[in-house]
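So this block is work.cif, mmCIF, C-alpha atoms:
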```cif
data_my_file
loop_
_atom_site.group_PDB
_atom_site.id
_atom_site.type_symbol
_atom_site.label_atom_id
_atom_site.label_comp_id
_atom_site.auth_asym_id
_atom_site.auth_seq_id
_atom_site.Cartn_x
_atom_site.Cartn_y
_atom_site.Cartn_z
ATOM 1 C CA MET A 1 128.426 119.137 75.255
ATOM 2 C CA SER A 2 125.092 120.937 75.365
ATOM 3 C CA PRO A 3 123.015 120.705 78.557
ATOM 4 C CA VAL A 4 120.298 118.086 78.844
ATOM 5 C CA LEU A 5 116.824 119.239 79.843
ATOM 6 C CA VAL A 6 114.822 116.732 81.895
ATOM 7 C CA ILE A 7 111.102 117.438 82.224
ATOM 8 C CA GLY A 8 109.573 116.180 85.469
ATOM 9 C CA ALA A 9 110.889 115.641 89.004
ATOM 10 C CA GLY A 10 109.212 112.387 89.927
ATOM 11 C CA VAL A 11 111.247 109.239 90.417
ATOM 12 C CA HIS A 12 112.063 108.886 86.711
ATOM 13 C CA GLY A 13 113.025 112.508 86.191
ATOM 14 C CA LEU A 14 115.276 112.551 89.253
ATOM 15 C CA THR A 15 116.838 109.164 88.519
ATOM 16 C CA CYS A 16 117.583 110.147 84.922
ATOM 17 C CA GLY A 17 119.019 113.397 86.247
ATOM 18 C CA VAL A 18 121.284 111.536 88.685
ATOM 19 C CA VAL A 19 122.578 109.078 86.091
ATOM 20 C CA LEU A 20 123.278 111.809 83.530
ATOM 21 C CA ALA A 21 124.789 114.299 85.987
ATOM 22 C CA GLU A 22 127.022 111.668 87.582
ATOM 23 C CA ALA A 23 128.216 110.758 84.073
ATOM 24 C CA GLY A 24 129.433 114.316 83.700
ATOM 25 C CA ARG A 25 126.598 115.900 81.715
ATOM 26 C CA HIS A 26 125.215 119.332 82.507
ATOM 27 C CA VAL A 27 121.595 118.613 83.446
ATOM 28 C CA ARG A 28 118.679 120.877 84.250
ATOM 29 C CA ILE A 29 115.339 119.564 85.509
ATOM 30 C CA ARG A 30 112.243 121.657 84.874
ATOM 31 C CA THR A 31 109.185 120.631 86.805
ATOM 32 C CA ALA A 32 105.710 121.914 87.541
ATOM 33 C CA GLU A 33 105.744 120.119 90.907
ATOM 34 C CA ARG A 34 108.378 119.726 93.572
ATOM 35 C CA PRO A 35 109.520 116.098 94.008
ATOM 36 C CA ARG A 36 107.423 115.640 97.170
ATOM 37 C CA GLU A 37 104.340 116.878 95.301
ATOM 38 C CA THR A 38 104.554 114.324 92.484
ATOM 39 C CA THR A 39 102.719 111.018 92.131
ATOM 40 C CA SER A 40 106.020 109.292 92.934
ATOM 41 C CA ALA A 41 105.956 110.765 96.438
ATOM 42 C CA VAL A 42 102.781 108.887 97.383
ATOM 43 C CA ALA A 43 103.782 105.488 95.976
ATOM 44 C CA GLY A 44 103.891 102.456 98.307
ATOM 45 C CA ALA A 45 106.599 101.576 97.181
ATOM 46 C CA MET A 46 108.440 98.354 96.432
ATOM 47 C CA TRP A 47 110.533 96.663 93.815
ATOM 48 C CA GLY A 48 108.599 93.710 92.473
ATOM 49 C CA PRO A 49 107.488 91.830 89.362
ATOM 50 C CA ALA A 50 106.238 94.208 86.666
ATOM 51 C CA ARG A 51 103.640 92.671 84.378
ATOM 52 C CA LEU A 52 104.088 95.266 81.656
ATOM 53 C CA LYS A 53 105.025 95.392 77.984
ATOM 54 C CA PRO A 54 107.402 94.973 76.255
ATOM 55 C CA PRO A 55 108.296 92.011 78.512
ATOM 56 C CA GLU A 56 111.930 91.556 77.427
ATOM 57 C CA ARG A 57 112.817 95.192 78.028
ATOM 58 C CA VAL A 58 110.835 95.305 81.269
ATOM 59 C CA LEU A 59 112.849 92.319 82.545
ATOM 60 C CA TYR A 60 116.074 94.148 81.674
ATOM 61 C CA TRP A 61 114.968 97.345 83.435
ATOM 62 C CA ALA A 62 113.742 95.412 86.476
ATOM 63 C CA THR A 63 117.015 93.486 86.737
ATOM 64 C CA LEU A 64 119.169 96.623 86.698
ATOM 65 C CA SER A 65 116.846 98.371 89.138
ATOM 66 C CA HIS A 66 116.908 95.442 91.576
ATOM 67 C CA ALA A 67 120.703 95.609 91.708
ATOM 68 C CA GLU A 68 120.650 99.354 92.390
ATOM 69 C CA PHE A 69 117.969 99.201 95.073
ATOM 70 C CA THR A 70 119.701 96.279 96.796
ATOM 71 C CA ALA A 71 122.892 98.329 96.944
ATOM 72 C CA LEU A 72 121.017 101.427 98.151
ATOM 73 C CA ALA A 73 119.540 99.418 101.030
ATOM 74 C CA ARG A 74 123.024 99.533 102.576
ATOM 75 C CA ASP A 75 122.802 103.349 102.741
ATOM 76 C CA GLU A 76 120.713 104.455 105.732
ATOM 77 C CA ASP A 77 120.104 107.861 104.136
ATOM 78 C CA SER A 78 118.531 106.466 100.952
ATOM 79 C CA GLY A 79 115.121 105.502 102.340
ATOM 80 C CA VAL A 80 115.522 102.004 100.868
ATOM 81 C CA HIS A 81 115.468 98.878 103.006
ATOM 82 C CA LEU A 82 115.067 95.146 102.440
ATOM 83 C CA ALA A 83 111.930 93.574 103.903
ATOM 84 C CA ALA A 84 110.381 90.136 103.930
ATOM 85 C CA GLY A 85 106.755 89.672 103.108
ATOM 86 C CA ARG A 86 104.091 87.993 100.995
ATOM 87 C CA MET A 87 102.575 88.436 97.548
ATOM 88 C CA ALA A 88 99.260 86.578 97.565
ATOM 89 C CA ALA A 89 96.056 86.041 95.606
ATOM 90 C CA ARG A 90 92.536 84.839 96.280
ATOM 91 C CA ILE A 91 92.677 82.583 93.192
ATOM 92 C CA ASP A 92 95.298 80.023 92.190
ATOM 93 C CA LEU A 93 97.715 81.692 89.771
ATOM 94 C CA GLY A 94 99.627 78.488 89.143
ATOM 95 C CA ASP A 95 103.333 77.763 89.292
ATOM 96 C CA VAL A 96 104.516 80.082 86.523
ATOM 97 C CA VAL A 97 105.862 83.339 87.973
ATOM 98 C CA PRO A 98 107.420 86.356 86.215
ATOM 99 C CA PRO A 99 111.085 85.773 85.352
ATOM 100 C CA GLU A 100 112.315 88.674 87.485
ATOM 101 C CA THR A 101 111.210 86.801 90.605
ATOM 102 C CA LYS A 102 114.411 84.759 90.156
ATOM 103 C CA LEU A 103 116.192 87.825 91.531
ATOM 104 C CA ILE A 104 114.506 87.319 94.924
ATOM 105 C CA PRO A 105 117.035 85.088 96.718
ATOM 106 C CA ASP A 106 114.717 83.562 99.342
ATOM 107 C CA LEU A 107 111.525 83.301 97.265
ATOM 108 C CA HIS A 108 109.369 80.288 98.104
ATOM 109 C CA ARG A 109 105.774 79.208 97.658
ATOM 110 C CA CYS A 110 103.607 79.852 100.700
ATOM 111 C CA GLY A 111 102.114 76.942 102.529
ATOM 112 C CA GLU A 112 98.463 77.081 103.495
ATOM 113 C CA GLN A 113 99.352 78.187 107.030
ATOM 114 C CA GLU A 114 101.286 81.190 105.680
ATOM 115 C CA LEU A 115 98.300 82.662 103.839
ATOM 116 C CA PRO A 116 95.524 84.826 105.300
ATOM 117 C CA GLU A 117 91.978 83.527 105.308
ATOM 118 C CA GLY A 118 90.459 83.725 101.843
ATOM 119 C CA PHE A 119 93.796 83.462 100.022
ATOM 120 C CA VAL A 120 94.805 80.290 98.181
ATOM 121 C CA TRP A 121 98.056 81.257 96.424
ATOM 122 C CA GLY A 122 101.137 83.164 97.441
ATOM 123 C CA TYR A 123 104.892 83.522 97.563
ATOM 124 C CA ARG A 124 107.134 84.816 100.300
ATOM 125 C CA GLY A 125 110.378 86.684 99.715
ATOM 126 C CA THR A 126 112.616 89.615 100.595
ATOM 127 C CA VAL A 127 112.507 92.658 98.301
ATOM 128 C CA PRO A 128 113.524 96.317 98.465
ATOM 129 C CA LEU A 129 110.922 98.672 99.951
ATOM 130 C CA ILE A 130 111.294 102.371 99.193
ATOM 131 C CA ASP A 131 110.133 105.135 101.538
ATOM 132 C CA MET A 132 109.336 107.578 98.761
ATOM 133 C CA PRO A 133 109.441 110.984 100.507
ATOM 134 C CA ARG A 134 112.869 110.160 101.964
ATOM 135 C CA TYR A 135 114.025 108.538 98.736
ATOM 136 C CA LEU A 136 113.076 111.523 96.570
ATOM 137 C CA ASP A 137 114.954 113.802 98.980
ATOM 138 C CA TYR A 138 117.950 111.482 98.623
ATOM 139 C CA LEU A 139 117.801 111.537 94.813
ATOM 140 C CA LEU A 140 117.443 115.313 94.732
ATOM 141 C CA ALA A 141 120.454 115.786 97.022
ATOM 142 C CA ARG A 142 122.497 113.347 94.956
ATOM 143 C CA PHE A 143 121.482 115.118 91.731
ATOM 144 C CA GLN A 144 122.452 118.522 93.046
ATOM 145 C CA ALA A 145 125.717 117.200 94.487
ATOM 146 C CA ALA A 146 126.606 116.060 90.962
ATOM 147 C CA GLY A 147 126.086 119.588 89.665
ATOM 148 C CA GLY A 148 122.513 119.258 88.452
ATOM 149 C CA GLU A 149 120.087 122.163 88.723
ATOM 150 C CA ILE A 150 116.339 122.045 89.256
ATOM 151 C CA LEU A 151 113.934 124.774 88.195
ATOM 152 C CA LEU A 152 110.325 125.009 89.350
ATOM 153 C CA ALA A 153 108.846 125.998 85.988
ATOM 154 C CA SER A 154 106.351 124.065 83.906
ATOM 155 C CA VAL A 155 107.029 123.143 80.280
ATOM 156 C CA SER A 156 104.040 124.098 78.166
ATOM 157 C CA SER A 157 104.993 122.275 74.970
ATOM 158 C CA LEU A 158 107.759 120.348 73.250
ATOM 159 C CA ALA A 159 108.523 123.554 71.322
ATOM 160 C CA ASP A 160 109.090 125.262 74.681
ATOM 161 C CA ALA A 161 111.461 122.460 75.697
ATOM 162 C CA VAL A 162 113.562 122.353 72.515
ATOM 163 C CA ALA A 163 113.939 126.124 72.597
ATOM 164 C CA GLU A 164 116.018 125.528 75.717
ATOM 165 C CA SER A 165 117.943 122.394 74.753
ATOM 166 C CA ASP A 166 118.492 120.158 71.764
ATOM 167 C CA THR A 167 118.440 117.112 74.054
ATOM 168 C CA VAL A 168 115.266 116.688 76.116
ATOM 169 C CA VAL A 169 114.280 113.808 78.403
ATOM 170 C CA ASN A 170 110.517 113.567 78.878
ATOM 171 C CA CYS A 171 109.656 112.087 82.282
ATOM 172 C CA THR A 172 106.224 113.664 82.677
ATOM 173 C CA GLY A 173 104.273 110.493 83.499
ATOM 174 C CA VAL A 174 100.564 110.995 82.917
ATOM 175 C CA GLY A 175 101.401 114.546 81.855
ATOM 176 C CA ALA A 176 102.627 113.107 78.546
ATOM 177 C CA HIS A 177 98.952 112.815 77.593
ATOM 178 C CA GLU A 178 98.945 116.582 77.021
ATOM 179 C CA LEU A 179 102.612 117.428 76.479
ATOM 180 C CA VAL A 180 103.217 114.831 73.770
ATOM 181 C CA GLY A 181 99.627 114.410 72.667
ATOM 182 C CA ASP A 182 99.799 110.691 73.379
ATOM 183 C CA PRO A 183 96.191 109.440 73.624
ATOM 184 C CA GLY A 184 97.425 106.093 74.924
ATOM 185 C CA VAL A 185 98.497 107.625 78.228
ATOM 186 C CA HIS A 186 95.748 107.721 80.825
ATOM 187 C CA PRO A 187 95.519 108.183 84.579
ATOM 188 C CA VAL A 188 95.200 105.174 86.876
ATOM 189 C CA LEU A 189 94.174 106.618 90.206
ATOM 190 C CA GLY A 190 95.728 105.219 93.354
ATOM 191 C CA GLN A 191 94.881 106.099 96.941
ATOM 192 C CA HIS A 192 96.696 105.209 100.160
ATOM 193 C CA VAL A 193 96.127 105.638 103.870
ATOM 194 C CA VAL A 194 99.328 106.272 105.821
ATOM 195 C CA VAL A 195 99.247 105.208 109.480
ATOM 196 C CA ARG A 196 101.606 105.191 112.424
ATOM 197 C CA ASN A 197 103.410 101.857 112.572
ATOM 198 C CA PRO A 198 102.217 99.681 115.483
ATOM 199 C CA GLY A 199 105.103 97.244 114.992
ATOM 200 C CA ILE A 200 104.743 95.920 111.432
ATOM 201 C CA ASP A 201 107.990 94.952 109.716
ATOM 202 C CA GLU A 202 106.757 92.787 106.810
ATOM 203 C CA TYR A 203 104.940 93.857 103.651
ATOM 204 C CA PHE A 204 101.840 92.301 102.120
ATOM 205 C CA ILE A 205 100.425 92.815 98.652
ATOM 206 C CA GLU A 206 97.390 91.209 97.066
ATOM 207 C CA LEU A 207 97.760 90.367 93.386
ATOM 208 C CA SER A 208 94.417 91.126 91.799
ATOM 209 C CA GLU A 209 93.035 92.217 88.450
ATOM 210 C CA GLY A 210 90.220 94.086 90.202
ATOM 211 C CA GLY A 211 90.068 97.758 91.025
ATOM 212 C CA GLU A 212 90.592 97.244 94.762
ATOM 213 C CA PHE A 213 93.184 95.170 96.614
ATOM 214 C CA THR A 214 94.810 94.886 100.021
ATOM 215 C CA SER A 215 98.376 95.909 100.759
ATOM 216 C CA TRP A 216 100.607 97.370 103.420
ATOM 217 C CA MET A 217 104.229 98.471 103.260
ATOM 218 C CA PRO A 218 106.141 99.438 106.408
ATOM 219 C CA HIS A 219 108.669 102.277 106.356
ATOM 220 C CA GLY A 220 110.049 102.748 109.833
ATOM 221 C CA ASP A 221 107.492 104.591 111.949
ATOM 222 C CA ARG A 222 104.780 104.622 109.268
ATOM 223 C CA VAL A 223 102.911 102.095 107.137
ATOM 224 C CA VAL A 224 101.370 102.777 103.734
ATOM 225 C CA LEU A 225 98.027 100.982 103.319
ATOM 226 C CA GLY A 226 96.403 100.259 99.959
ATOM 227 C CA GLY A 227 94.958 100.187 97.612
ATOM 228 C CA VAL A 228 92.877 100.975 94.540
ATOM 229 C CA SER A 229 93.466 101.157 90.802
ATOM 230 C CA VAL A 230 90.883 103.244 88.930
ATOM 231 C CA ASP A 231 91.365 103.828 85.204
ATOM 232 C CA HIS A 232 90.684 107.230 83.615
ATOM 233 C CA ASP A 233 90.071 109.042 86.901
ATOM 234 C CA TRP A 234 91.804 112.440 87.047
ATOM 235 C CA ARG A 235 90.709 113.442 90.568
ATOM 236 C CA ARG A 236 93.544 114.036 93.032
ATOM 237 C CA THR A 237 91.556 114.531 96.216
ATOM 238 C CA PRO A 238 91.339 111.601 98.675
ATOM 239 C CA ARG A 239 87.860 110.150 99.043
ATOM 240 C CA ALA A 240 86.667 109.107 102.494
ATOM 241 C CA GLU A 241 84.768 106.054 101.235
ATOM 242 C CA ILE A 242 87.867 104.673 99.494
ATOM 243 C CA SER A 243 89.982 105.169 102.618
ATOM 244 C CA ALA A 244 87.336 103.442 104.734
ATOM 245 C CA ARG A 245 87.325 100.406 102.454
ATOM 246 C CA ILE A 246 91.130 100.269 102.459
ATOM 247 C CA ARG A 247 91.243 100.312 106.255
ATOM 248 C CA ARG A 248 88.492 97.703 106.515
ATOM 249 C CA ARG A 249 90.242 95.282 104.133
ATOM 250 C CA VAL A 250 93.599 95.727 105.841
ATOM 251 C CA ALA A 251 92.132 95.246 109.330
ATOM 252 C CA GLN A 252 90.560 91.944 108.284
ATOM 253 C CA LEU A 253 94.012 90.573 107.418
ATOM 254 C CA GLU A 254 96.216 92.375 109.959
ATOM 255 C CA PRO A 255 94.383 93.287 113.202
ATOM 256 C CA ARG A 256 97.364 95.279 114.495
ATOM 257 C CA LEU A 257 96.629 97.879 111.824
ATOM 258 C CA ALA A 258 92.919 98.155 112.645
ATOM 259 C CA ASP A 259 93.239 101.059 115.072
ATOM 260 C CA ALA A 260 96.528 102.545 113.901
ATOM 261 C CA GLU A 261 96.626 106.352 113.974
ATOM 262 C CA VAL A 262 96.012 107.870 110.537
ATOM 263 C CA LEU A 263 98.776 110.277 109.546
ATOM 264 C CA GLU A 264 97.540 111.219 106.085
ATOM 265 C CA GLU A 265 95.562 110.092 103.050
ATOM 266 C CA THR A 266 97.223 110.409 99.646
ATOM 267 C CA VAL A 267 96.245 110.209 95.991
ATOM 268 C CA GLY A 268 98.406 109.811 92.899
ATOM 269 C CA LEU A 269 97.778 109.333 89.185
ATOM 270 C CA ARG A 270 99.793 106.452 87.792
ATOM 271 C CA PRO A 271 100.613 106.774 84.065
ATOM 272 C CA GLY A 272 98.800 103.883 82.413
ATOM 273 C CA ARG A 273 99.709 102.846 78.861
ATOM 274 C CA ASP A 274 99.554 99.693 76.732
ATOM 275 C CA SER A 275 103.355 99.541 76.893
ATOM 276 C CA VAL A 276 106.142 101.505 78.528
ATOM 277 C CA ARG A 277 107.681 104.092 76.234
ATOM 278 C CA VAL A 278 111.449 104.548 76.265
ATOM 279 C CA ASP A 279 112.559 105.773 72.846
ATOM 280 C CA VAL A 280 113.829 108.727 70.808
ATOM 281 C CA GLU A 281 111.726 111.186 68.828
ATOM 282 C CA HIS A 282 113.220 113.821 66.546
ATOM 283 C CA PHE A 283 111.428 117.145 66.875
ATOM 284 C CA GLU A 284 112.356 120.458 65.254
ATOM 285 C CA GLY A 285 116.026 119.540 65.068
ATOM 286 C CA ALA A 286 116.180 118.291 68.651
ATOM 287 C CA ARG A 287 116.089 114.830 70.206
ATOM 288 C CA ILE A 288 113.324 113.971 72.664
ATOM 289 C CA ILE A 289 114.026 110.868 74.760
ATOM 290 C CA HIS A 290 110.731 109.661 76.168
ATOM 291 C CA ASP A 291 110.527 107.739 79.453
ATOM 292 C CA TYR A 292 106.943 107.292 80.625
ATOM 293 C CA GLY A 293 103.971 104.915 80.804
ATOM 294 C CA HIS A 294 105.145 102.711 83.701
ATOM 295 C CA ALA A 295 101.699 102.379 85.326
ATOM 296 C CA GLY A 296 102.170 101.234 88.935
ATOM 297 C CA CYS A 297 105.755 100.031 88.424
ATOM 298 C CA GLY A 298 107.535 103.330 87.912
ATOM 299 C CA VAL A 299 109.678 103.090 91.025
ATOM 300 C CA GLY A 300 110.666 99.474 90.436
ATOM 301 C CA LEU A 301 111.822 100.128 86.861
ATOM 302 C CA SER A 302 113.354 103.554 87.414
ATOM 303 C CA TRP A 303 117.069 102.749 87.437
ATOM 304 C CA GLY A 304 116.968 100.407 84.466
ATOM 305 C CA CYS A 305 115.046 102.952 82.399
ATOM 306 C CA ALA A 306 117.410 105.745 83.470
ATOM 307 C CA PHE A 307 120.457 103.782 82.321
ATOM 308 C CA GLU A 308 118.808 103.193 78.931
ATOM 309 C CA VAL A 309 117.862 106.876 78.710
ATOM 310 C CA ALA A 310 121.507 107.810 79.353
ATOM 311 C CA ASP A 311 122.607 105.476 76.544
ATOM 312 C CA LEU A 312 120.066 107.107 74.195
ATOM 313 C CA VAL A 313 121.239 110.591 75.188
ATOM 314 C CA GLU A 314 124.818 109.682 74.327
ATOM 315 C CA GLY A 315 123.784 107.758 71.186
#
```
Would you put the structure from the file into structure tokens?
Amino acid sequence: MSPVLVIGAGVHGLTCGVVLAEAGRHVRIRTAERPRETTSAVAGAMWGPARLKPPERVLYWATLSHAEFTALARDEDSGVHLAAGRMAARIDLGDVVPPETKLIPDLHRCGEQELPEGFVWGYRGTVPLIDMPRYLDYLLARFQAAGGEILLASVSSLADAVAESDTVVNCTGVGAHELVGDPGVHPVLGQHVVVRNPGIDEYFIELSEGGEFTSWMPHGDRVVLGGVSVDHDWRRTPRAEISARIRRRVAQLEPRLADAEVLEETVGLRPGRDSVRVDVEHFEGARIIHDYGHAGCGVGLSWGCAFEVADLVEG
């Protein structure tokens, strides 16, 4: 069988590489950025409900991914662990929750005493949290152990890609805007403040349609604080005013994080799109399997999408 070329070394590129390589395919990843330099590396990150389209396929991907992350939480080297916490909102979102929340075994509606001041709705449950720098290292090691190779070399065009392989997997995230010429892909800027953990072991995430929200996700000795969601912003340099607002919002809800030592400030460009794209395109005699457009849910859907990509590669 001919080798498969995967473009991109974020969480989707590496996960697709792992699934394909462990199935016995010869796989090469070409990437303009090392895994720890990608947007994936600065994600929060957690498995959780993904309010994306198409809903039936998203549910399928989320279900498969939940099973994989739950299993990985038993491996201390993976960077995945199970944590309890709250998903809350400042408005009443009602009793209808996304269907994938049925996968959370201890999910229950928060009582008034379980919610921070200013919040009126919330659920509590245990979900996988993913320490992304460690997790990307784990995926890379697993990929290479399965015989995969990674090359630090950008792909300038689809013609460049198909000159190397007749089977290409496009996991370029927001880069698909240029590579594929997909005008529907746009950046959704996210910024985090990473602090030394003062003893936090539960996550918190505010569900909001606004551009700013409050969240924290503990990963051992560090906590990732968030967050913002800014459409069509290509800047990748942290802004002091955004970090200040993040810290102020978090401190109002969790005083233990108010004076935590700042370790770094990070920025990533989530790949926004009206719907996730996982499909096949025929191009100059080759097959391009696209896997991008996951917005802020790329980590949580990664395994399910990778399994579907592998089926499309073999199909």
Which is closer to A:Leu179 than all the others in A:Gly44, A:Gly285, A:Pro116, A:Gly8, using only C-alpha atoms? A:Gly8
Tell me which residues the PyMOL selection byres ((chain A and resi 21) around 12) grabs here, as a ChimeraX atom specification. /A:3-6,13-20,22-29,139-150,306-307,310,313
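Shortest separation to A:Val58 among A:Asp274, A:Glu100, A:Glu76, A:Glu265 occurs at residue A:Glu100, atoms counted being all atoms listed in the file.
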Taking all listed atoms of stretch 165-182 of chain A, build the axis-aligned box, pad each of the six sides by 6 Å, then write its centre and edge lengths in Å to one decimal as JSON.
```
{"center_x": 108.7, "center_y": 116.4, "center_z": 77.6, "size_x": 31.5, "size_y": 23.9, "size_z": 23.7}
```
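With atom CA of A:Leu151 on one side and atom CA of A:Gly300 on the other, the separation reads 25.6 Å.
Each of A:Val267, A:Trp216, A:Val168, A:Asp137 was checked against A:Val280 using only C-alpha atoms; the smallest atom-to-atom distance is that of A:Val168.
Distances to A:Gly122 were evaluated for A:Glu281, A:Asp233, A:Asp311, A:Asp95 using only C-alpha atoms, and the minimum falls at A:Asp95.
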Explicit residues for the PyMOL selection byres ((chain A and resi 51) around 12) (as a PyMOL selection string): chain A and resi 48-50+52-59+62+97-101+207-209+274-276+294-298+300-301
Between atom CA of A:Gly175 and atom CA of A:Ile289 - distance in Å to one decimal: 14.9 Å
Env of A:Asp291: 6 Å cut, atoms = only C-alpha atoms, seq-sep filter 2 positions within chain, self excluded. Answer as a PDB file with C-alpha atoms, in the frame of the given file.
```pdb
ATOM      1  CA  ASN A 170     110.517 113.567  78.878  1.00  0.00           C
ATOM      2  CA  CYS A 171     109.656 112.087  82.282  1.00  0.00           C
ATOM      3  CA  ARG A 277     107.681 104.092  76.234  1.00  0.00           C
ATOM      4  CA  VAL A 278     111.449 104.548  76.265  1.00  0.00           C
TER       5      VAL A 278
END
```
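The smallest atom-to-atom distance between A:Val185 and any of A:Phe213, A:Val127, A:Pro271, A:Val223, using only C-alpha atoms, is found for A:Pro271.
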Return as JSON, numbers by chain the set of residues that the PyMOL selection byres ((chain A and resi 226) around 10) yields on the displayed structure. {"A": [43, 44, 190, 191, 192, 193, 194, 204, 205, 206, 212, 213, 214, 215, 216, 217, 223, 224, 225, 227, 228, 229, 242, 243, 245, 246, 247, 249, 250]}
Residues within 7 Å of A:Glu33, all atoms listed in the file, excluding chain neighbours under 4 positions, as number ranges by chain: A: 37-38, 152
